[in-house]
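Source file: my_file-v1.txt (compact mmCIF, C-alpha atoms)
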# COMPACT_ATOMS: atom_id res chain seq x y z
CA MET A 1 0.00 0.00 0.00
CA LYS A 2 2.87 2.37 0.84
CA ASN A 3 4.42 1.71 -2.59
CA PHE A 4 1.11 2.48 -4.28
CA ILE A 5 0.77 5.80 -2.42
CA CYS A 6 4.38 6.74 -3.29
CA CYS A 7 3.79 5.98 -6.99
CA VAL A 8 0.61 8.07 -7.06
CA ALA A 9 2.41 10.94 -5.33
CA LEU A 10 5.29 10.80 -7.81
CA LEU A 11 2.90 10.72 -10.78
CA GLY A 12 1.03 13.71 -9.38
CA PHE A 13 4.28 15.62 -8.83
CA GLY A 14 5.47 14.85 -12.39
CA ALA A 15 2.15 15.92 -13.86
CA SER A 16 2.24 19.21 -11.97
CA LEU A 17 5.75 19.90 -13.29
CA LEU A 18 4.59 19.34 -16.87
CA ALA A 19 1.48 21.44 -16.34
CA ASN A 20 3.55 24.32 -15.00
CA SER A 21 6.01 24.32 -17.90
CA PRO A 22 3.95 24.50 -21.12
CA SER A 23 6.67 26.49 -22.85
CA THR A 24 9.02 23.49 -22.66
CA ALA A 25 6.40 21.22 -24.24
CA ASN A 26 5.56 23.84 -26.86
CA GLU A 27 9.23 24.41 -27.66
CA PHE A 28 9.69 20.66 -28.11
CA LEU A 29 6.74 20.45 -30.53
CA ILE A 30 7.87 23.54 -32.47
CA ASN A 31 11.46 22.27 -32.77
CA ARG A 32 10.18 18.88 -33.91
CA LYS A 33 7.97 20.49 -36.57
CA ILE A 34 10.87 22.67 -37.79
CA ALA A 35 13.13 19.62 -38.03
CA GLN A 36 10.49 17.77 -40.07
CA THR A 37 10.00 20.62 -42.54
CA THR A 38 13.69 21.38 -42.98
CA LYS A 39 14.36 17.78 -43.99
CA SER A 40 11.71 17.86 -46.69
CA GLU A 41 12.36 21.26 -48.25
CA GLU A 42 14.94 20.19 -50.83
CA PHE A 43 13.54 19.33 -54.24
CA ILE A 44 14.70 18.98 -57.81
CA ALA A 45 12.14 19.70 -60.51
CA ARG A 46 12.86 18.75 -64.12
CA GLY A 47 11.22 19.07 -67.48
CA THR A 48 11.82 18.06 -71.08
CA GLU A 49 10.98 19.72 -74.39
CA PRO A 50 12.59 22.11 -73.50
CA PHE A 51 15.03 20.74 -70.95
CA TRP A 52 15.06 22.64 -67.65
CA SER A 53 15.61 22.08 -63.94
CA VAL A 54 14.98 23.91 -60.70
CA LEU A 55 16.89 23.00 -57.55
CA VAL A 56 15.16 24.06 -54.32
CA SER A 57 17.19 24.26 -51.11
CA LYS A 58 17.53 26.53 -48.10
CA ARG A 59 20.58 28.09 -49.81
CA GLY A 60 18.46 29.25 -52.75
CA ILE A 61 16.33 28.24 -55.70
CA VAL A 62 18.32 27.76 -58.92
CA TYR A 63 16.79 27.54 -62.40
CA SER A 64 18.91 26.22 -65.22
CA SER A 65 18.38 25.34 -68.85
CA PRO A 66 20.83 24.67 -71.71
CA ASP A 67 19.68 27.76 -73.63
CA VAL A 68 19.31 30.25 -70.75
CA GLN A 69 21.80 31.60 -68.23
CA LYS A 70 21.38 30.08 -64.75
CA GLN A 71 19.16 32.18 -62.47
CA THR A 72 19.28 32.08 -58.67
CA PHE A 73 16.45 33.22 -56.41
CA SER A 74 16.46 33.65 -52.64
CA TYR A 75 14.75 30.89 -50.71
CA ILE A 76 11.41 31.89 -49.23
CA ALA A 77 9.33 29.32 -47.37
CA PRO A 78 6.57 28.00 -49.62
CA LEU A 79 2.85 28.57 -49.29
CA LYS A 80 0.95 25.40 -48.47
CA ALA A 81 -2.64 24.39 -49.20
CA GLU A 82 -5.06 25.34 -46.43
CA ALA A 83 -6.48 22.41 -44.47
CA ARG A 84 -4.40 19.91 -46.47
CA PRO A 85 -1.31 17.87 -45.57
CA ALA A 86 1.85 20.01 -45.66
CA ASP A 87 3.40 17.75 -48.31
CA LEU A 88 0.49 18.02 -50.78
CA VAL A 89 1.14 21.38 -52.50
CA ARG A 90 4.01 23.86 -52.23
CA VAL A 91 4.02 27.23 -53.95
CA TYR A 92 7.38 29.01 -54.08
CA ARG A 93 7.17 32.71 -54.92
CA LEU A 94 10.44 33.69 -56.55
CA GLN A 95 11.51 37.30 -56.17
CA GLY A 96 12.61 39.21 -59.22
CA LYS A 97 11.10 40.82 -62.28
CA GLY A 98 7.83 39.33 -63.44
CA ASN A 99 5.68 36.60 -62.02
CA ASN A 100 8.08 33.84 -61.09
CA ILE A 101 6.51 30.86 -59.34
CA LEU A 102 7.30 27.21 -58.77
CA ILE A 103 4.41 24.90 -57.86
CA ILE A 104 5.16 21.38 -56.66
CA LYS A 105 2.22 19.01 -56.12
CA LYS A 106 2.19 15.46 -54.77
CA VAL A 107 0.74 13.03 -57.33
CA ASP A 108 0.41 9.28 -57.72
CA ALA A 109 3.03 9.31 -60.48
CA CYS A 110 4.57 11.83 -62.86
CA SER A 111 6.45 10.83 -65.99
CA ASP A 112 9.04 13.03 -67.65
CA GLY A 113 8.18 11.50 -71.03
CA MET A 114 11.80 10.55 -71.72
CA SER A 115 12.55 7.77 -69.25
CA ASP A 116 10.71 5.05 -67.39
CA LYS A 117 11.25 6.85 -64.09
CA GLU A 118 8.16 7.91 -62.19
CA TYR A 119 8.33 10.93 -59.91
CA PRO A 120 6.14 11.48 -56.81
CA TYR A 121 5.49 15.16 -57.61
CA SER A 122 4.42 17.23 -60.60
CA ALA A 123 5.95 20.68 -61.14
CA ILE A 124 4.89 23.85 -62.88
CA PHE A 125 7.50 26.57 -63.22
CA ILE A 126 6.44 30.05 -64.32
CA LEU A 127 9.25 32.40 -65.29
CA GLY A 128 7.85 35.70 -66.53
CA ASN A 129 5.63 34.77 -69.50
CA LYS A 130 7.08 31.27 -69.87
CA VAL A 131 5.25 28.28 -68.34
CA LEU A 132 7.17 25.01 -68.02
CA GLU A 133 5.69 21.71 -66.86
CA GLY A 134 7.57 18.74 -65.46
CA CYS A 135 8.10 16.41 -62.52
CA ALA A 136 9.84 16.71 -59.16
CA GLU A 137 11.31 14.64 -56.37
CA LYS A 138 12.80 15.25 -52.96
CA LYS A 139 16.54 15.61 -53.10
Can the structure from this file be put into structure tokens for me?
Amino acid sequence: MKNFICCVALLGFGASLLANSPSTANEFLINRKIAQTTKSEEFIARGTEPFWSVLVSKRGIVYSSPDVQKQTFSYIAPLKAEARPADLVRVYRLQGKGNNILIIKKVDACSDGMSDKEYPYSAIFILGNKVLEGCAEKK
């Protein structure tokens, strides 16, 4: 009986400590969420006809194509679809002249039309008045 009373007292004491330190619990959850999103923020999007690629990382977003000089944009956290899983749709607004946007959407399968590889994301890249469509994968 004494052991039972001691266990209940210890549980009550531990619960009161947790209840009085919500910032620690909140900080843990926030840090965990940040760690999850930072892992999944690197993508490579590719397209054919014409060939192009966009590399997305925290260091920047880099567009390249054989016929155009490489362009680098600052990384800005993407917009995500409201009330949908965070990994479903990402919209990267790229700063610079014109409407520059990269949209990456989770799909069952995306084919680049050139290989047998299937990608888990589709990609639409808008650079000024040019719209390019392709596929993407996490890097």
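Nearest to Gly47 (chain A) of all the residues A:Ala109, A:Lys70, A:Arg84, A:Ala123 is A:Ala123, based on all atoms listed in the file.
For the set A:Ile103, A:Lys138, A:Ala86, A:Leu132, the residue with the smallest atom-to-atom gap to Ser65 (chain A) is A:Leu132, counting only C-alpha atoms.
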Q. From the set A:Leu127, A:Ala83, A:Val68, A:Leu102, which residue has the shortest atom-to-atom contact distance to Val56 (chain A), counting all atoms listed in the file?
A. A:Leu102
**Q.** Sel. within 12 Å of pt (16.2, 20.9, -66.4), counting only C-alpha atoms, output as a PyMOL selection string
**A.** chain A and resi 44-55+62-68+70+112+123+125+132-136
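CA of Glu137 (chain A) to CA of Pro120 (chain A) spans 6.1 Å [interatomic distance, one decimal].
Nearest residue to Tyr92 (chain A) among A:Ile126, A:Val131, A:Met114, A:Ala77 is A:Ala77, counting all atoms listed in the file.
The space separating CA of Tyr119 (chain A) from CA of Val91 (chain A) comes to 17.9 Å.
Relative to CA of Gln71 (chain A), CA of Gly98 (chain A) is found at 13.4 Å.
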Q | Point (1.9, 18.5, -45.0) neighbourhood (12 Å, only C-alpha atoms) written as a VMD selection string | A | chain A and resid 33 36 to 37 40 to 41 78 to 90 105 to 106
